[in-house]
Structures are given as structure tokens and as C-alpha cells.
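K.L.:
Right, I'll just put the structure down here and ask away after.
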Amino acid sequence: MATVGEKVRDHFHDDASRFDAIYEEEKGLVTKFIDNWWRGVVRKRLELNVEKFKPFAGKRFLDVGCGSGRFCFEYAKNGAKEAVGIDFAPAMIEISNKLAKEMGVDDRCKFYCGAFPDDLPKDTFDGASANGFFDYIENPVPIIKAMKDFTKGKMIMSFPKAVEWRVPLRRVRFWMKGTPLFLYREQQVKDILKEAGIEKYEWINLDRDYLVVAEV
Ligand SMILES: C[S@@+](CC[C@H](N)C(=O)[O-])C[C@H]1O[C@@H](n2cnc3c(N)ncnc32)[C@H](O)[C@@H]1O
């Protein structure tokens with residue numbers, strides 16, 4: 001039987017182009033409306049990550065579960081010396097490499113196709129982010145601890161709320177596809193952070209998610 005990781009990887013491998021389209025500006029009015037209403041948080045997270053990581057000049061960043069690379073591109077465009085992304089869905093990494101070239105940031109963006117943390121070479125980054133990632137992680141504590149090991153600076157992580165108006169529909173959608181989905185209550189996230197040794201953080205209530213900006 002497929003593991004949680006294999007189911008998530010296969011889901012995002014098949015869904016990569018559709019997922020990336022959330023970031024595309026040019027789309028029909030109906031798609032635009034649905035994306036804003038249903039998945040607007042995806043773009044809001046990106047804006048907030050950029051705002052919180054500033055200034056970027058001379059720094060190196062890691063994006064865990066980087067998807068189609070959109071966070072890395074923004075970090076590079078804002079002046080980061082390097083932005084490294086890792087994702088285990090091959091189609092996501094293909095899109096990341098293609099878009100990096102098109103945007104002219106491929107000299108400063110590097111993408112690994114593999115599972116975090118096992119497939120990422122040892123390194124230290126000034127900042128690390130993981131957005132829309134813990135939604136698919138069965139046991140977040142060791143993953144957060146691993147992110148900490150890779151970071152000396154700021155860590156930004158999103159956790160999807162368990163109680164929120166979109167939850168019932170979202171649960172049904174993922175259940176129908178057979179893709180695991182993990183949602184969190186506020187206290188649960190705070191307990192996870194404590195267990196992972198994260199003590200100093202800013203807590204942001206962001207639409208569908210909790211966003212944590214931690215100093216490590
Ligand atoms: C919803 S997407 C978010 C992508 C990106 N962070 C964004 O917000 O645009 C979640 C991504 O996490 C990746 N992922 C989940 N668990 C992973 C793991 N253990 N290692 C690497 N990638 C993982 C999935 O393949 C998927 O592309």
C-alpha cells in the first residue's frame with residue numbers, strides 16, 4: 001500500500017500545472033474569481049513571506065515543498081544571493097526549472113527533486129520557508145526540527161486551520177482523490193512548535209492558515 005508521502009507526491013505530480021496556474025495573472029474571469037475566493041491564501045502567503053524576509057541582499061534561502069518554485073523566484077528577484085527549493089513531485093521541479101529560465105533567475109535558483117530532509121545536502125541558510133506544506137505532513141515535529149538544523153535566521157511556516165468555512169469541501173475533495181490532508185487547531189500548532197524547540201515566533205492569523213514567523 002502507498003505511504004502518505006507517495007500519495008502526496010503522486011497527487012502533486014499530476015496536479016502541478018493546475019496548481020501553478022493559481023499564480024498566473026492571465027486567466028479567465030471565472031477562474032480568477034474561483035482562485036481568489038478559494039485559494040487566495042496561496043498568493044497572500046507569498047507576499048507575506050517576502051515582506052517578512054526582507055532585506056534579501058546577500059542572503060541564501062531555502063524553500064521546503066517549493067512546488068513550482070514561485071517563492072524561490074520572488075526571493076531571487078528581491079536580491080537573494082541564492083534560493084534553493086526542494087520538492088518530491090518531479091513535475092513541480094520541471095516547472096520550477098523552466099520558469100526560472102524564463103524569468104532569468106536560473107543563475108540564483110537551484111531545485112532539488114526529492115524528499116525533505118533526506119534528499120537535501122547539508123547546508124545553512126539565512127532563511128527557510130514551508131508554505132502549504134504541513135497540510136501534507138503526518139508528523140511535523142521532526143520536519144520542523146530538520147528545518148531548524150538547516151537555518152540560522154528566520155523560519156516561516158504555514159499551517160492550515162482545522163476550523164474554517166472551506167474545510168468540509170476541502171476534506172471531501174482530498175478524500176475523493178485519496179490524498180492525505182492534515183489540518184491543525186491553534187493549540188495543536190503551538191504544542192508542535194514547542195516540541196520542535198521553537199520558542200520565539202510571531203503568530204499571524206491569515207485567512208485559511210496560521211502563519212508562523214520564527215527566529216532560530
Ligand atoms: C501545496 S504545494 C505548495 C507549493 C509551494 N510551497 C507554494 O505554496 O506555492 C505542497 C508541495 O509540497 C511537496 N511536498 C510535500 N511533502 C514533501 C516532502 N516530504 N518533501 C518534499 N516535498 C514535499 C508536494 O510535492 C507539493 O508540491
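Letters A, B, ... go to the chains of the C-alpha cells in the order shown; residues in each chain start at 1; ligands are counted from 1 in the same order.
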Taking 3 positions as the minimum chain separation for residues in the same chain, which residues sit within 10 Å of A:Gly178 when counting only C-alpha atoms? Answer as a list of chain:residue names.
P.N.:
A:Val4, A:Lys7, A:Val8, A:His11, A:Val172, A:Arg173, A:Phe174, A:Trp175, A:Leu181
K.L.:
Please identify all polymer residues within 9 Å of A:Asp14, counting only C-alpha atoms, omitting same-chain residues fewer than 4 positions from it, and present them as a PyMOL selection string.
P.N.:
chain A and resi 9-10+18+89+91
K.L.:
Check which residues fall inside 8 Å of ligand 1 when counting only C-alpha atoms and all ligand atoms, and print them as a ChimeraX atom specification.
P.N.:
/A:5,8-13,16,19-20,42-43,45-46,63-71,86-89,92,113-117,130-137
K.L.:
Tell me, which residues of chain A carry DSSP strand (DSSP E or B), written as a PyMOL selection string?
P.N.:
chain A and resi 57+60-64+80+82-87+109-113+125-130+151-161+184+201-206+209-215
K.L.:
I want to know what sits within 9 Å of A:Lys145, based on only C-alpha atoms, with residues of the same chain fewer than 5 positions away left out; could you give that as a list in words?
P.N.:
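Those residues are Pro140, Phe150, Ala196, Gly197 and Ile198 of chain A.
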K.L.:
Using the selection just defined, write its residues with N, CA and C atoms as a PDB file, in the first residue's frame.
P.N.:
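Saved the output as again.pdb:
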ATOM      1  N   PRO A 140       4.743  16.569  11.865  1.00  0.00           N
ATOM      2  CA  PRO A 140       5.505  17.800  11.591  1.00  0.00           C
ATOM      3  C   PRO A 140       6.730  18.022  12.474  1.00  0.00           C
ATOM      4  N   PHE A 150      18.820  23.394   9.294  1.00  0.00           N
ATOM      5  CA  PHE A 150      19.280  23.997   8.035  1.00  0.00           C
ATOM      6  C   PHE A 150      19.287  25.529   8.091  1.00  0.00           C
ATOM      7  N   ALA A 196       9.148  21.060  18.957  1.00  0.00           N
ATOM      8  CA  ALA A 196      10.244  21.171  17.981  1.00  0.00           C
ATOM      9  C   ALA A 196      11.311  22.165  18.446  1.00  0.00           C
ATOM     10  N   GLY A 197      11.084  22.777  19.617  1.00  0.00           N
ATOM     11  CA  GLY A 197      12.085  23.699  20.169  1.00  0.00           C
ATOM     12  C   GLY A 197      12.007  25.100  19.588  1.00  0.00           C
ATOM     13  N   ILE A 198      10.840  25.465  19.028  1.00  0.00           N
ATOM     14  CA  ILE A 198      10.653  26.834  18.507  1.00  0.00           C
ATOM     15  C   ILE A 198       9.974  27.654  19.600  1.00  0.00           C
TER      16      ILE A 198
END
K.L.:
Using only C-alpha atoms for the distances, tell me which of A:Asp15, A:Glu215, A:Glu102, A:Asp107 is nearest to A:Lys148.
P.N.:
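The closest residue to A:Lys148 is A:Glu215.
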K.L.:
Could you pull out the helix (DSSP H, G or I) residues of stretch 72-160 of chain A from DSSP and send them as an NGL selection string?
P.N.:
:A and (72-77 or 90-103 or 134-136 or 140-149)
K.L.:
Each residue of stretch 46-158 of chain A lying at most 10 Å from stretch 204-213 of chain A should get a row with its shortest atom-to-atom pair and the distance in Å to one decimal, counting only C-alpha atoms; could you produce that, ordered by chain and increasing number, as a Markdown table?
P.N.:
| residue | atom | partner | partner_atom | distance |
| --- | --- | --- | --- | --- |
| A:Leu48 | CA | A:Leu211 | CA | 9.1 |
| A:Asn49 | CA | A:Val213 | CA | 8.7 |
| A:Lys52 | CA | A:Val213 | CA | 7.8 |
| A:Phe53 | CA | A:Val213 | CA | 9.3 |
| A:Ser129 | CA | A:Val213 | CA | 9.1 |
| A:Ala130 | CA | A:Leu211 | CA | 10.0 |
| A:Asn131 | CA | A:Leu211 | CA | 8.6 |
| A:Gly132 | CA | A:Asp209 | CA | 8.7 |
| A:Asp135 | CA | A:Asp209 | CA | 9.9 |
| A:Lys154 | CA | A:Val213 | CA | 6.9 |
| A:Met155 | CA | A:Val213 | CA | 5.8 |
| A:Ile156 | CA | A:Val213 | CA | 4.6 |
| A:Met157 | CA | A:Val212 | CA | 5.3 |
| A:Ser158 | CA | A:Leu211 | CA | 4.5 |
K.L.:
Would you put the residues from that selection into a file with N, CA, C and O atoms, as an mmCIF file, in the first residue's frame?
P.N.:
data_model
loop_
_atom_site.group_PDB
_atom_site.id
_atom_site.type_symbol
_atom_site.label_atom_id
_atom_site.label_comp_id
_atom_site.auth_asym_id
_atom_site.auth_seq_id
_atom_site.Cartn_x
_atom_site.Cartn_y
_atom_site.Cartn_z
ATOM 1 N N LEU A 48 3.464 37.794 2.041
ATOM 2 C CA LEU A 48 3.890 37.951 3.439
ATOM 3 C C LEU A 48 5.294 37.393 3.679
ATOM 4 O O LEU A 48 6.078 37.958 4.439
ATOM 5 N N ASN A 49 5.615 36.268 3.031
ATOM 6 C CA ASN A 49 6.958 35.699 3.172
ATOM 7 C C ASN A 49 8.000 36.705 2.707
ATOM 8 O O ASN A 49 9.009 36.930 3.367
ATOM 9 N N LYS A 52 8.302 39.574 5.193
ATOM 10 C CA LYS A 52 8.943 39.205 6.464
ATOM 11 C C LYS A 52 10.424 38.868 6.322
ATOM 12 O O LYS A 52 11.176 38.997 7.277
ATOM 13 N N PHE A 53 10.823 38.370 5.138
ATOM 14 C CA PHE A 53 12.241 38.007 4.940
ATOM 15 C C PHE A 53 13.114 39.205 4.573
ATOM 16 O O PHE A 53 14.328 39.116 4.633
ATOM 17 N N SER A 129 11.566 28.654 4.351
ATOM 18 C CA SER A 129 10.105 28.743 4.352
ATOM 19 C C SER A 129 9.488 27.402 3.987
ATOM 20 O O SER A 129 10.116 26.586 3.296
ATOM 21 N N ALA A 130 8.259 27.193 4.457
ATOM 22 C CA ALA A 130 7.485 25.998 4.091
ATOM 23 C C ALA A 130 6.020 26.417 4.109
ATOM 24 O O ALA A 130 5.424 26.584 5.177
ATOM 25 N N ASN A 131 5.479 26.656 2.927
ATOM 26 C CA ASN A 131 4.103 27.151 2.820
ATOM 27 C C ASN A 131 3.240 26.142 2.084
ATOM 28 O O ASN A 131 3.651 25.606 1.053
ATOM 29 N N GLY A 132 2.051 25.890 2.624
ATOM 30 C CA GLY A 132 1.159 24.899 2.015
ATOM 31 C C GLY A 132 1.806 23.536 2.014
ATOM 32 O O GLY A 132 1.552 22.718 1.125
ATOM 33 N N ASP A 135 0.290 20.846 5.410
ATOM 34 C CA ASP A 135 -1.038 20.286 5.076
ATOM 35 C C ASP A 135 -0.900 18.798 4.712
ATOM 36 O O ASP A 135 -1.864 18.054 4.741
ATOM 37 N N LYS A 154 15.645 33.198 10.050
ATOM 38 C CA LYS A 154 14.181 33.200 10.147
ATOM 39 C C LYS A 154 13.567 31.974 9.491
ATOM 40 O O LYS A 154 14.047 31.529 8.447
ATOM 41 N N MET A 155 12.515 31.453 10.113
ATOM 42 C CA MET A 155 11.773 30.340 9.500
ATOM 43 C C MET A 155 10.307 30.740 9.380
ATOM 44 O O MET A 155 9.711 31.184 10.360
ATOM 45 N N ILE A 156 9.733 30.577 8.199
ATOM 46 C CA ILE A 156 8.315 30.913 8.013
ATOM 47 C C ILE A 156 7.563 29.650 7.590
ATOM 48 O O ILE A 156 7.959 28.970 6.638
ATOM 49 N N MET A 157 6.497 29.342 8.344
ATOM 50 C CA MET A 157 5.751 28.096 8.072
ATOM 51 C C MET A 157 4.254 28.362 8.135
ATOM 52 O O MET A 157 3.797 29.084 9.020
ATOM 53 N N SER A 158 3.511 27.766 7.217
ATOM 54 C CA SER A 158 2.052 27.893 7.292
ATOM 55 C C SER A 158 1.440 26.558 7.736
ATOM 56 O O SER A 158 1.973 25.494 7.428
#
K.L.:
From the list A:Ile144, A:Cys72, A:Ala128, A:Val167, which residue is nearest A:Cys109 when using only C-alpha atoms?
P.N.:
A:Cys72
K.L.:
Enter the distance from atom CA of A:Val216 to atom CA of A:Lys152, in Å, rounded to one decimal.
P.N.:
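Atom CA of A:Val216 sits 5.9 Å away from atom CA of A:Lys152.
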